[in-house]
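Everything below belongs to coords00.cif, which stores mmCIF, C-alpha atoms.
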```cif
data_start
#
loop_
_atom_site.label_atom_id
_atom_site.label_comp_id
_atom_site.auth_asym_id
_atom_site.auth_seq_id
_atom_site.Cartn_x
_atom_site.Cartn_y
_atom_site.Cartn_z
CA MET Q 9 -5.37 -40.63 3.03
CA THR Q 10 -6.22 -40.65 -0.66
CA SER Q 11 -3.76 -39.54 -3.32
CA ALA Q 12 -5.97 -36.48 -4.00
CA ASP Q 13 -5.63 -35.46 -0.31
CA ARG Q 14 -1.86 -35.89 -0.54
CA VAL Q 15 -1.67 -33.69 -3.63
CA ALA Q 16 -3.86 -31.04 -1.97
CA ARG Q 17 -1.64 -31.04 1.17
CA LEU Q 18 1.49 -30.83 -0.97
CA LEU Q 19 0.08 -27.90 -2.90
CA LEU Q 20 -0.95 -26.12 0.32
CA SER Q 21 2.55 -26.62 1.79
CA ALA Q 22 4.13 -25.28 -1.40
CA VAL Q 23 1.88 -22.19 -1.34
CA LEU Q 24 2.70 -21.53 2.35
CA LEU Q 25 6.44 -21.96 1.70
CA LEU Q 26 6.29 -19.60 -1.27
CA GLY Q 27 4.39 -17.09 0.86
CA LEU Q 28 7.06 -17.25 3.56
CA LEU Q 29 9.86 -16.89 0.99
CA ALA Q 30 8.10 -13.92 -0.59
CA GLY Q 31 7.94 -12.27 2.84
CA CYS Q 32 11.75 -12.55 3.08
CA GLY Q 33 12.36 -10.87 -0.32
CA PRO Q 34 13.28 -7.24 -0.92
CA ALA Q 35 10.63 -4.53 -0.96
CA HIS Q 36 9.97 -3.55 -4.59
CA VAL Q 37 8.75 -0.09 -5.61
CA VAL Q 38 7.90 0.78 -9.21
CA VAL Q 39 7.92 4.58 -9.15
CA GLU Q 40 4.66 6.08 -10.40
CA GLY Q 41 3.72 9.74 -10.65
CA LYS Q 42 2.19 12.50 -12.72
CA PHE Q 43 4.54 15.06 -14.17
CA PRO Q 44 3.34 18.47 -15.39
CA ALA Q 45 4.41 19.99 -18.72
CA PRO Q 46 6.84 22.90 -18.28
CA LEU Q 47 5.50 26.45 -18.55
CA ILE Q 48 8.29 27.62 -20.81
CA GLU Q 49 8.83 29.19 -24.25
CA PRO Q 50 10.04 26.24 -26.40
CA LEU Q 51 13.59 26.55 -27.77
CA PRO Q 52 13.71 26.57 -31.60
CA ILE Q 53 15.47 23.21 -31.76
CA THR Q 54 14.48 19.81 -33.13
CA LEU Q 55 15.92 17.42 -30.60
CA GLY Q 56 16.45 13.70 -31.08
CA VAL Q 57 16.31 11.67 -27.85
CA TRP Q 58 17.70 8.24 -27.14
CA TYR Q 59 16.97 6.43 -23.89
CA GLY Q 60 19.37 3.53 -23.42
CA ASP Q 61 18.34 0.44 -21.44
CA ASP Q 62 20.42 1.71 -18.49
CA PHE Q 63 18.04 4.69 -18.39
CA ALA Q 64 14.67 3.36 -19.59
CA LYS Q 65 14.91 0.30 -17.31
CA HIS Q 66 16.77 2.02 -14.51
CA GLU Q 67 16.42 0.51 -11.07
CA PHE Q 68 18.54 0.44 -7.97
CA PHE Q 69 19.00 -2.29 -5.43
CA ASP Q 70 19.92 -1.60 -1.84
CA GLU Q 71 20.79 -4.62 0.24
CA SER Q 72 19.80 -4.55 3.92
CA LYS Q 73 22.64 -4.07 6.38
CA SER Q 74 20.85 -5.82 9.27
CA ARG Q 75 17.95 -8.18 9.98
CA GLN Q 76 15.79 -5.27 11.13
CA GLU Q 77 16.00 -3.55 7.76
CA SER Q 78 14.66 -4.76 4.45
CA SER Q 79 16.37 -4.71 1.08
CA TRP Q 80 14.93 -2.41 -1.56
CA ILE Q 81 14.52 -2.55 -5.33
CA VAL Q 82 13.33 0.80 -6.66
CA SER Q 83 12.49 0.86 -10.39
CA THR Q 84 12.59 4.43 -11.67
CA GLY Q 85 12.95 3.71 -15.42
CA VAL Q 86 9.29 4.03 -16.48
CA ALA Q 87 8.81 7.22 -14.44
CA GLN Q 88 12.11 8.64 -15.79
CA VAL Q 89 10.96 8.17 -19.40
CA GLN Q 90 7.51 9.60 -18.58
CA MET Q 91 8.95 12.71 -16.90
CA TRP Q 92 11.65 13.39 -19.53
CA ASN Q 93 9.20 12.87 -22.42
CA THR Q 94 6.81 15.44 -20.90
CA LEU Q 95 9.60 17.89 -20.07
CA LEU Q 96 11.46 17.75 -23.41
CA ALA Q 97 8.22 18.00 -25.41
CA GLY Q 98 7.55 21.30 -23.66
CA MET Q 99 11.12 22.62 -23.84
CA PHE Q 100 11.84 22.16 -27.57
CA THR Q 101 9.78 22.91 -30.67
CA LYS Q 102 10.04 19.29 -31.79
CA VAL Q 103 11.28 16.08 -30.16
CA VAL Q 104 12.10 12.97 -32.19
CA HIS Q 105 12.36 9.67 -30.29
CA LEU Q 106 15.07 7.53 -31.86
CA THR Q 107 14.43 3.85 -32.37
CA ARG Q 108 18.12 2.96 -32.66
CA GLN Q 109 21.12 3.91 -30.56
CA PRO Q 110 22.99 6.78 -32.29
CA SER Q 111 26.50 6.01 -33.45
CA GLU Q 112 29.26 8.18 -34.88
CA GLY Q 113 29.10 8.49 -38.66
CA GLU Q 114 25.47 7.34 -38.86
CA SER Q 115 23.33 10.38 -39.60
CA VAL Q 116 19.84 10.91 -38.16
CA ALA Q 117 17.66 12.96 -40.51
CA ASN Q 118 15.85 16.16 -39.50
CA VAL Q 119 17.28 16.68 -36.03
CA ASP Q 120 19.57 19.48 -34.80
CA ALA Q 121 21.11 17.31 -32.08
CA ILE Q 122 20.60 14.13 -30.11
CA LEU Q 123 20.28 14.03 -26.32
CA VAL Q 124 21.29 10.87 -24.46
CA PRO Q 125 20.54 10.98 -20.71
CA HIS Q 126 22.08 8.58 -18.18
CA VAL Q 127 21.43 8.09 -14.45
CA GLU Q 128 24.99 7.91 -13.14
CA GLU Q 129 24.25 7.51 -9.47
CA LEU Q 130 21.29 7.19 -7.12
CA GLN Q 131 21.45 7.28 -3.34
CA TYR Q 132 18.72 7.17 -0.75
CA ALA Q 133 18.56 7.86 2.96
CA ILE Q 134 16.19 6.96 5.77
CA PRO Q 135 16.21 9.09 8.92
CA ARG Q 136 17.06 6.34 11.42
CA GLN Q 137 16.61 8.53 14.51
CA THR Q 138 12.87 8.88 14.01
CA ASN Q 139 10.09 6.48 13.15
CA ILE Q 140 8.44 8.74 10.58
CA LYS Q 141 8.39 7.60 6.97
CA VAL Q 142 10.52 10.31 5.42
CA TYR Q 143 12.94 9.16 2.73
CA GLU Q 144 15.44 11.19 0.72
CA ILE Q 145 16.61 10.40 -2.82
CA TRP Q 146 19.55 11.99 -4.57
CA MET Q 147 20.35 11.40 -8.25
CA ARG Q 148 23.22 12.38 -10.49
CA TYR Q 149 22.54 12.52 -14.23
CA ARG Q 150 25.01 12.65 -17.09
CA PHE Q 151 23.88 14.05 -20.43
CA GLU Q 152 25.52 13.56 -23.81
CA LEU Q 153 24.60 15.90 -26.63
CA LEU Q 154 25.53 14.52 -30.04
CA SER Q 155 25.30 16.08 -33.48
CA ALA Q 156 22.85 14.59 -36.01
CA ASP Q 157 25.67 12.32 -37.26
CA GLY Q 158 26.61 11.11 -33.79
CA VAL Q 159 29.65 13.33 -33.10
CA PRO Q 160 29.85 14.43 -29.43
CA ILE Q 161 29.01 18.13 -28.95
CA ALA Q 162 28.94 18.38 -25.17
CA GLU Q 163 28.72 16.36 -22.00
CA TRP Q 164 27.64 17.61 -18.59
CA THR Q 165 26.26 16.38 -15.26
CA MET Q 166 23.35 17.52 -13.11
CA THR Q 167 22.01 16.54 -9.70
CA SER Q 168 18.51 16.32 -8.30
CA TYR Q 169 17.08 15.78 -4.84
CA GLY Q 170 13.74 14.70 -3.47
CA LYS Q 171 12.34 14.12 -0.01
CA THR Q 172 9.04 12.63 1.14
CA PRO Q 173 7.12 15.82 1.93
CA THR Q 174 5.02 14.31 4.72
CA GLY Q 175 5.67 11.87 7.55
CA PHE Q 176 2.14 10.50 7.64
CA LEU Q 177 2.05 8.07 4.72
CA GLN Q 178 0.62 4.59 5.14
CA SER Q 179 3.57 2.56 3.90
CA ASP Q 180 7.32 2.73 3.29
CA GLN Q 181 6.67 2.00 -0.39
CA GLU Q 182 4.44 5.08 -0.70
CA ALA Q 183 7.05 7.21 1.05
CA VAL Q 184 9.89 5.99 -1.23
CA ASN Q 185 7.68 6.52 -4.31
CA LEU Q 186 6.88 10.10 -3.30
CA ALA Q 187 10.54 10.90 -2.59
CA ALA Q 188 11.44 9.56 -6.07
CA VAL Q 189 8.67 11.62 -7.70
CA MET Q 190 9.96 14.75 -5.91
CA ALA Q 191 13.50 13.97 -7.11
CA LEU Q 192 12.25 13.59 -10.70
CA ARG Q 193 10.34 16.89 -10.49
CA ASP Q 194 13.51 18.53 -9.20
CA ALA Q 195 15.52 17.00 -12.06
CA GLY Q 196 13.06 18.47 -14.57
CA ALA Q 197 13.15 21.88 -12.87
CA ASN Q 198 16.96 21.90 -12.80
CA PHE Q 199 17.25 20.87 -16.46
CA ALA Q 200 14.58 23.27 -17.76
CA THR Q 201 15.83 26.34 -15.90
CA ASN Q 202 19.56 25.77 -16.46
CA PHE Q 203 19.79 24.28 -19.97
CA THR Q 204 20.75 27.59 -21.61
CA ARG Q 205 23.32 28.25 -18.84
CA VAL Q 206 25.34 25.02 -19.23
CA PRO Q 207 28.86 26.28 -20.13
CA ALA Q 208 29.55 23.33 -22.45
CA LEU Q 209 26.45 24.20 -24.54
CA GLN Q 210 27.00 27.93 -24.98
CA GLY Q 211 28.74 27.77 -28.38
CA TRP Q 212 26.31 25.26 -29.86
CA LEU Q 213 23.25 27.17 -28.59
CA ARG Q 214 24.57 30.39 -30.20
CA GLU Q 215 24.98 28.49 -33.49
CA GLN Q 216 21.32 27.45 -33.22
CA GLY Q 217 20.30 31.07 -32.66
CA VAL Q 218 19.24 30.47 -29.05
CA PRO Q 219 19.96 33.33 -26.62
CA THR Q 220 22.19 32.04 -23.81
CA GLU Q 221 22.47 33.08 -20.18
CA ALA Q 222 25.54 33.20 -17.95
CA ALA Q 223 25.85 30.31 -15.51
CA ALA Q 224 24.64 31.12 -11.99
CA PRO Q 225 27.60 31.85 -9.67
CA MET I 26 -28.69 9.42 43.02
CA SER I 27 -28.51 6.68 40.40
CA PHE I 28 -25.44 5.94 38.26
CA SER I 29 -27.34 6.82 35.06
CA SER I 30 -27.98 10.35 36.32
CA LEU I 31 -24.29 10.74 37.18
CA ARG I 32 -23.16 9.51 33.75
CA PRO I 33 -23.22 12.94 31.98
CA VAL I 34 -21.25 14.51 34.84
CA LEU I 35 -18.69 11.71 34.74
CA CYS I 36 -18.39 12.06 30.96
CA CYS I 37 -17.67 15.78 31.33
CA VAL I 38 -15.04 15.14 33.99
CA VAL I 39 -13.35 12.44 31.87
CA LEU I 40 -13.46 14.61 28.74
CA SER I 41 -11.89 17.55 30.53
CA LEU I 42 -9.19 15.26 31.91
CA VAL I 43 -8.38 13.61 28.56
CA SER I 44 -7.99 16.81 26.53
CA ALA I 45 -4.35 17.83 26.31
CA CYS I 46 -3.47 21.51 26.56
CA VAL I 47 -2.03 23.72 23.83
CA THR I 48 -0.66 27.23 24.33
CA SER I 49 -0.45 29.45 21.29
CA THR I 50 0.51 33.03 20.39
CA VAL I 51 -0.10 34.95 17.17
CA ASP I 52 1.72 38.12 16.07
CA GLU I 53 0.64 40.14 13.10
CA MET I 54 2.29 42.95 11.14
CA VAL I 55 0.29 44.50 8.33
CA LEU I 56 1.99 47.03 6.07
CA LYS I 57 -0.86 47.57 3.64
CA LYS I 58 -4.40 46.29 4.07
CA PRO I 59 -6.57 45.64 1.02
CA VAL I 60 -8.89 48.57 0.30
CA THR I 61 -11.28 46.59 -1.88
CA GLY I 62 -12.43 42.98 -1.83
CA LEU I 63 -10.70 40.32 -3.88
CA GLY I 64 -13.59 40.19 -6.36
CA GLU I 65 -12.80 37.56 -8.98
CA ASP I 66 -9.13 37.46 -8.02
CA SER I 67 -7.63 34.58 -6.12
CA VAL I 68 -5.14 33.74 -3.40
CA VAL I 69 -2.52 31.04 -3.50
CA ILE I 70 -0.97 29.60 -0.34
CA LEU I 71 2.42 27.92 -0.71
CA GLY I 72 4.85 26.22 1.65
CA ARG I 73 8.54 27.12 1.79
CA ARG I 74 10.75 24.10 1.13
CA HIS I 75 14.22 25.43 0.48
CA ALA I 76 15.72 24.92 3.95
CA SER I 77 17.85 21.83 4.43
CA ASP I 78 16.67 20.90 7.93
CA TYR I 79 12.87 21.25 7.67
CA GLU I 80 10.05 21.59 5.17
CA THR I 81 6.68 23.25 5.63
CA GLU I 82 4.21 20.37 5.67
CA PRO I 83 1.76 20.21 2.69
CA ASP I 84 -0.97 19.18 5.19
CA PHE I 85 -0.47 22.44 7.09
CA VAL I 86 -0.64 24.48 3.88
CA SER I 87 -3.91 22.83 2.84
CA CYS I 88 -5.28 23.22 6.40
CA VAL I 89 -4.75 27.01 6.27
CA GLY I 90 -6.27 27.17 2.76
CA ASP I 91 -9.32 25.17 3.87
CA TYR I 92 -9.73 27.38 6.96
CA ILE I 93 -9.91 30.54 4.83
CA ALA I 94 -12.03 29.10 2.01
CA SER I 95 -14.55 27.53 4.38
CA ARG I 96 -15.15 30.76 6.30
CA ASP I 97 -15.38 33.24 3.41
CA ASN I 98 -16.97 32.04 0.18
CA ALA I 99 -15.87 35.24 -1.58
CA ILE I 100 -12.21 34.21 -1.36
CA THR I 101 -10.93 31.81 -4.03
CA VAL I 102 -7.98 29.82 -2.72
CA ILE I 103 -5.96 27.94 -5.33
CA SER I 104 -4.65 24.64 -3.95
CA GLU I 105 -0.88 24.34 -3.63
CA LEU I 106 -0.42 21.31 -5.90
CA GLU I 107 -2.72 22.75 -8.58
CA PHE I 108 -0.67 25.96 -8.63
CA LEU I 109 2.72 24.18 -8.56
CA ASN I 110 1.69 22.00 -11.52
CA ALA I 111 0.27 24.97 -13.43
CA VAL I 112 3.50 26.99 -13.18
CA TYR I 113 6.04 24.12 -13.21
CA PRO I 114 9.05 24.44 -12.94
CA TRP I 115 9.08 27.99 -11.51
CA PHE I 116 7.85 27.37 -7.96
CA GLU I 117 9.75 24.17 -7.14
CA PRO I 118 12.01 24.20 -4.02
CA ARG I 119 15.10 25.09 -6.10
CA THR I 120 13.45 27.71 -8.32
CA ALA I 121 10.78 29.42 -6.17
CA PRO I 122 11.19 33.22 -5.82
CA LEU I 123 12.50 34.22 -2.40
CA HIS I 124 11.68 37.95 -2.63
CA PRO I 125 8.71 39.81 -4.14
CA VAL I 126 10.99 41.56 -6.64
CA ASP I 127 11.85 38.15 -8.15
CA ILE I 128 8.27 37.98 -9.46
CA GLU I 129 9.04 40.80 -11.90
CA ARG I 130 11.84 38.71 -13.44
CA LEU I 131 9.56 35.68 -13.60
CA LEU I 132 6.79 37.62 -15.33
CA GLN I 133 9.17 38.65 -18.11
CA GLN I 134 8.55 35.17 -19.49
CA LYS I 135 5.37 35.34 -21.53
CA PRO I 136 3.99 31.86 -20.71
CA VAL I 137 4.37 32.58 -16.97
CA ALA I 138 2.78 36.04 -17.26
CA ASP I 139 -0.14 34.60 -19.27
CA LYS I 140 -0.70 31.80 -16.76
CA MET I 141 -0.63 34.18 -13.79
CA ALA I 142 -3.15 36.43 -15.56
CA ALA I 143 -5.39 33.42 -16.21
CA LEU I 144 -5.18 32.31 -12.58
CA LYS I 145 -5.94 35.90 -11.42
CA VAL I 146 -3.53 35.66 -8.49
CA GLU I 147 -3.82 38.79 -6.31
CA TYR I 148 -2.08 37.57 -3.18
CA MET I 149 0.59 34.93 -2.75
CA ILE I 150 0.99 33.73 0.83
CA TRP I 151 4.17 31.88 1.79
CA LEU I 152 4.04 29.67 4.87
CA ASP I 153 7.40 28.89 6.42
CA GLY I 154 7.89 26.67 9.45
CA SER I 155 7.20 23.24 10.86
CA THR I 156 5.87 21.27 13.81
CA GLU I 157 8.50 19.33 15.72
CA ARG I 158 8.49 16.88 18.56
CA THR I 159 10.64 18.47 21.24
CA GLY I 160 10.87 15.93 24.04
CA GLY I 161 9.39 12.87 25.66
CA SER I 162 9.53 10.87 28.85
CA GLY I 163 7.91 7.94 30.62
CA SER I 164 7.87 4.25 29.90
CA MET I 165 5.39 1.59 28.96
CA ALA I 166 5.54 -2.19 29.07
CA CYS I 167 3.23 -4.37 27.00
CA SER I 168 2.56 -8.09 27.31
CA LEU I 169 -0.29 -10.47 26.47
CA GLY I 170 -2.17 -9.11 29.48
CA GLY I 171 -2.08 -5.57 28.11
CA CYS I 172 0.03 -2.43 28.48
CA PHE I 173 0.98 -0.61 31.68
CA GLY I 174 2.83 2.66 32.06
CA PHE I 175 2.71 6.30 31.15
CA GLY I 176 4.29 8.32 28.34
CA THR I 177 4.34 12.01 27.63
CA TRP I 178 5.82 14.12 24.86
CA SER I 179 5.55 17.67 23.58
CA HIS I 180 5.29 19.35 20.19
CA ASP I 181 6.32 22.86 19.14
CA ALA I 182 4.83 24.51 16.07
CA ASN I 183 6.35 27.69 14.64
CA TYR I 184 5.08 29.19 11.40
CA GLU I 185 5.37 32.50 9.63
CA ALA I 186 3.08 33.63 6.83
CA THR I 187 4.36 36.30 4.46
CA ILE I 188 1.78 37.98 2.22
CA TRP I 189 2.93 39.19 -1.20
CA ASP I 190 0.80 41.56 -3.23
CA PHE I 191 1.09 40.22 -6.76
CA THR I 192 0.06 43.49 -8.42
CA ASP I 193 2.53 45.73 -6.56
CA LYS I 194 5.19 42.98 -6.17
CA THR I 195 5.68 43.91 -2.52
CA SER I 196 5.34 42.24 0.82
CA VAL I 197 2.21 43.63 2.50
CA GLY I 198 1.95 41.67 5.72
CA ARG I 199 3.41 39.07 8.00
CA VAL I 200 1.80 36.75 10.56
CA ASN I 201 3.70 34.63 13.09
CA THR I 202 2.21 31.87 15.15
CA SER I 203 3.69 29.52 17.67
CA ALA I 204 1.97 26.75 19.59
CA THR I 205 3.21 24.32 22.21
CA GLY I 206 1.37 21.34 23.56
CA GLN I 207 1.93 18.34 25.76
CA SER I 208 0.48 14.96 24.78
CA TYR I 209 -0.02 12.03 27.16
CA MET I 210 -0.52 8.30 26.88
CA PRO I 211 -1.55 6.54 30.07
CA ALA I 212 -1.90 2.77 29.76
CA VAL I 213 -3.83 0.50 32.09
CA ILE I 214 -4.32 -2.61 29.95
CA VAL I 215 -5.25 -0.39 26.97
CA PRO I 216 -3.08 2.65 26.03
CA ILE I 217 -5.19 5.83 25.69
CA PRO I 218 -3.43 8.50 23.61
CA ILE I 219 -4.42 12.06 24.57
CA ILE I 220 -2.96 14.09 21.72
CA ALA I 221 -2.47 17.84 21.90
CA PRO I 222 -3.66 19.39 18.59
CA VAL I 223 -0.58 21.60 18.24
CA GLN I 224 -0.48 21.87 14.44
CA GLY I 225 -4.26 22.32 14.26
CA THR I 226 -4.11 25.18 16.77
CA ALA I 227 -1.32 26.85 14.78
CA CYS I 228 -3.39 26.38 11.60
CA ASP I 229 -6.45 28.02 13.20
CA GLY I 230 -4.36 30.91 14.58
CA ILE I 231 -2.61 31.77 11.33
CA GLY I 232 -5.75 31.02 9.27
CA GLN I 233 -7.87 33.46 11.32
CA GLN I 234 -5.34 36.29 10.95
CA LEU I 235 -5.03 35.71 7.20
CA LEU I 236 -8.81 35.54 6.90
CA GLU I 237 -9.16 38.92 8.65
CA PHE I 238 -6.53 40.41 6.32
CA LEU I 239 -8.11 39.05 3.14
CA SER I 240 -11.67 39.88 4.23
CA SER I 241 -10.82 43.42 5.34
CA GLY I 242 -11.58 44.94 1.95
CA HIS I 243 -15.25 43.92 1.96
#
```
Let me see the file written as structure tokens.
Amino acid sequence: MTSADRVARLLLSAVLLLGLLAGCGPAHVVVEGKFPAPLIEPLPITLGVWYGDDFAKHEFFDESKSRQESSWIVSTGVAQVQMWNTLLAGMFTKVVHLTRQPSEGESVANVDAILVPHVEELQYAIPRQTNIKVYEIWMRYRFELLSADGVPIAEWTMTSYGKTPTGFLQSDQEAVNLAAVMALRDAGANFATNFTRVPALQGWLREQGVPTEAAAP
Amino acid sequence: MSFSSLRPVLCCVVLSLVSACVTSTVDEMVLKKPVTGLGEDSVVILGRRHASDYETEPDFVSCVGDYIASRDNAITVISELEFLNAVYPWFEPRTAPLHPVDIERLLQQKPVADKMAALKVEYMIWLDGSTERTGGSGSMACSLGGCFGFGTWSHDANYEATIWDFTDKTSVGRVNTSATGQSYMPAVIVPIPIIAPVQGTACDGIGQQLLEFLSSGH
């Protein structure tokens, strides 16, 4: 056997080993979707928005509990930013994307307030009793609203839920992706329809001249 | 008689044996039939998704829409996703109106009223229900030599269509359909699934009644 043959065999073995190791790794889903602009009268507010790394690069890891299951890494960060950018641009007259994290005492020019969203919790469920690919995703958001000079105005939480709407998808990855997209759509719907009802925002909204609504019972 | 001359007869016998049976019933209640055709107006068909234990399948919603649109070219059916995206976030599972009177409140918002006028929605049809597997029995064993055994299972489909008149903001009709079917899978070396088209039968039943309602004005 020549040295070239040996190198070729070594390379082939390495590729096969890597392939086997890759098969053992967690399933990775980068959530992708299209999010519509909201059909809503924009509020007369110039809103600054800051997405921290915990939000813009958000992903969750679920380790398998048994050999039959696989571990999952679901990256929602890119889709989160895409959905919230589309939603906020339609909800407010102007949205300013901050390039630096807001801090107290440091004023941001030409904004009425700064919104900082966080994904506090994400859970997912697989119906184990059936073999159909229907996943459920539940998210809890926390929002901070800061004044232009970084002073906290309000803080509130909001939940969203999404479920794969069909059991006939080709792969588990597709099913998880669709459940995440549904959860993001639900988050946008919840935020857009309830923003003027958040009790913690009532006083500030009145100061901005925005008509407020009573919170739903 | 040669085998080739018997082949068509054998094919017919096999085909009649391999088609699974579906039983379906359709009930209709019409409160107010259209007196004129839809003209340039359109119909939107949406699935109800606010219940916690089931969701109306998007495939079923598009099946009913396709049934109507393919049989009457005069009826414009707006696809569910196109409509949901056009009026986001007002028809999502958590925000969709549950009663016709809720439309009045929704139309108080100018962007929504303008969009509805642009879409020319005359009727909004809500489909509520699902197809569920209700039971199964039998067993099958597979090895390198093939599969042997027999399996059977049944599906139940129950759907209700509620027709809202968008101009009058009232409910003008209701159609119920239910279908039950038994599917089989005999296996002698190769498993042969004989699937009962339960959801398809329900789609045809409800689609035909809705078609008759929508076409009645012309």
- For atom CA of I:Leu109 and atom CA of I:Thr81, quote the distance in Å rounded to one decimal. 14.8 Å
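Taken over the shown file, the PyMOL selection byres ((chain I) within 9 of (chain Q)) identifies Glu80, Thr81, Glu82, Pro83, Asp84, Leu109, Asn110, Ala111, Val112, Tyr113, Pro114, Trp115, Glu117, Pro118, Arg119, Thr120, Gln134, Lys135, Pro136, Val137 and Lys140 of chain I.
Every residue that the PyMOL selection byres ((chain I and resi 103-106) around 7) selects in this file is listed here: Ser67, Val68, Val69, Ile70, Leu71, Thr101, Val102, Glu107, Phe108, Leu109 and Asn110 of chain I.
Shortest atom-to-atom contact with Q:Glu114 among Q:Glu144, Q:Glu77, Q:Glu182, Q:Asp157: Q:Asp157, counting all atoms listed in the file.
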- Message: When you count all atoms listed in the file, which of these residues is closest to Q:Val119: Q:Gln181, Q:Ser155, Q:Gln90, Q:Thr220?
- Response: Q:Ser155
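With all atoms listed in the file as the basis for measurement, Q:Tyr143 is the residue among Q:Tyr143, Q:Met91, Q:Leu51, Q:Val116 that approaches Q:Leu186 most closely.
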- Message: Please list as a list in words every residue within 9 Å of I:Leu236, counting all atoms listed in the file and excluding residues in the same chain fewer than 2 positions away.
- Response: Tyr92, Ile93, Ala94, Arg96, Asp97, Ile231, Gly232, Gln233, Gln234, Phe238, Leu239, Ser240 and Ser241 of chain I
Could you tell me, as a CSV table (one decimal) with C-alpha atoms, in the coordinates of the input, which residues have any atom at most 12 Å from (-6.4, 19.7, 11.4), counting only C-alpha atoms?
```
chain,number,residue,atom,x,y,z
I,83,PRO,CA,1.8,20.2,2.7
I,84,ASP,CA,-1.0,19.2,5.2
I,85,PHE,CA,-0.5,22.4,7.1
I,86,VAL,CA,-0.6,24.5,3.9
I,87,SER,CA,-3.9,22.8,2.8
I,88,CYS,CA,-5.3,23.2,6.4
I,89,VAL,CA,-4.8,27.0,6.3
I,90,GLY,CA,-6.3,27.2,2.8
I,91,ASP,CA,-9.3,25.2,3.9
I,92,TYR,CA,-9.7,27.4,7.0
I,221,ALA,CA,-2.5,17.8,21.9
I,222,PRO,CA,-3.7,19.4,18.6
I,223,VAL,CA,-0.6,21.6,18.2
I,224,GLN,CA,-0.5,21.9,14.4
I,225,GLY,CA,-4.3,22.3,14.3
I,226,THR,CA,-4.1,25.2,16.8
I,227,ALA,CA,-1.3,26.8,14.8
I,228,CYS,CA,-3.4,26.4,11.6
I,229,ASP,CA,-6.4,28.0,13.2
I,230,GLY,CA,-4.4,30.9,14.6
I,232,GLY,CA,-5.8,31.0,9.3
```
- Item | Selection under test: the PyMOL selection byres ((chain Q and resi 185) around 8); residues as a VMD selection string | chain Q and resid 37 to 40 181 to 184 186 to 189
Could you turn the residues from that selection into a file that holds C-alpha atoms, as a short mmCIF file (atom, residue, chain, number, x, y, z; two decimals), in the frame of the given file?
```
data_model
loop_
_atom_site.label_atom_id
_atom_site.label_comp_id
_atom_site.auth_asym_id
_atom_site.auth_seq_id
_atom_site.Cartn_x
_atom_site.Cartn_y
_atom_site.Cartn_z
CA VAL Q 37 8.75 -0.09 -5.61
CA VAL Q 38 7.90 0.78 -9.21
CA VAL Q 39 7.92 4.58 -9.15
CA GLU Q 40 4.66 6.08 -10.40
CA GLN Q 181 6.67 2.00 -0.39
CA GLU Q 182 4.44 5.08 -0.70
CA ALA Q 183 7.05 7.21 1.05
CA VAL Q 184 9.89 5.99 -1.23
CA LEU Q 186 6.88 10.10 -3.30
CA ALA Q 187 10.54 10.90 -2.59
CA ALA Q 188 11.44 9.56 -6.07
CA VAL Q 189 8.67 11.62 -7.70
#
```
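If all atoms listed in the file are the atoms counted, then among I:Met210, I:Asp139, I:Arg199, I:Lys194 the closest residue to I:Ser179 is I:Met210.
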- Separation of atom CA of I:Trp178 from atom CA of I:Ser208 in Å: 5.4 Å
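Residues in contact with I:Thr177 at up to 10 Å, not including ones fewer than 2 positions away on its chain and judged by all atoms listed in the file, are Gly160, Gly161, Ser162, Gly163, Ser164, Phe175, Ser179, Gln207, Ser208, Tyr209, Met210, Pro211, Pro218, Ile219 and Ile220 of chain I.
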- Item | Ref. answer, residues at most 10 Å from (16.3, 20.9, -32.8) with all atoms listed in the file, as a PyMOL selection string | chain Q and resi 51-56+100-104+118-122+156+216
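For the pair atom CA of Q:Tyr149 and atom CA of Q:Glu129, the interatomic distance is 7.1 Å.
When all atoms listed in the file are used to measure the gap to I:Thr187, the shortest distance among I:Leu123, I:Ala142, I:Val215, I:Met165 belongs to I:Leu123.
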- With a distance cut-off of 10 Å and all atoms listed in the file, select the neighbouring residues of I:Ile128, excluding the residue or stretch itself and same-chain residues fewer than 2 positions from it, and output the selection as a PyMOL selection string. chain I and resi 121-126+130-133+138+189+191-192+194-195
Keeping C-alpha atoms, export the residues of the selection given above as a PDB file, in the coordinates of the input.
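Writing the result to selection.pdb gives the following:
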```
ATOM      1  CA  ALA I 121      10.780  29.420  -6.170  1.00  0.00           C
ATOM      2  CA  PRO I 122      11.190  33.220  -5.820  1.00  0.00           C
ATOM      3  CA  LEU I 123      12.500  34.220  -2.400  1.00  0.00           C
ATOM      4  CA  HIS I 124      11.680  37.950  -2.630  1.00  0.00           C
ATOM      5  CA  PRO I 125       8.710  39.810  -4.140  1.00  0.00           C
ATOM      6  CA  VAL I 126      10.990  41.560  -6.640  1.00  0.00           C
ATOM      7  CA  ARG I 130      11.840  38.710 -13.440  1.00  0.00           C
ATOM      8  CA  LEU I 131       9.560  35.680 -13.600  1.00  0.00           C
ATOM      9  CA  LEU I 132       6.790  37.620 -15.330  1.00  0.00           C
ATOM     10  CA  GLN I 133       9.170  38.650 -18.110  1.00  0.00           C
ATOM     11  CA  ALA I 138       2.780  36.040 -17.260  1.00  0.00           C
ATOM     12  CA  TRP I 189       2.930  39.190  -1.200  1.00  0.00           C
ATOM     13  CA  PHE I 191       1.090  40.220  -6.760  1.00  0.00           C
ATOM     14  CA  THR I 192       0.060  43.490  -8.420  1.00  0.00           C
ATOM     15  CA  LYS I 194       5.190  42.980  -6.170  1.00  0.00           C
ATOM     16  CA  THR I 195       5.680  43.910  -2.520  1.00  0.00           C
TER      17      THR I 195
END
```
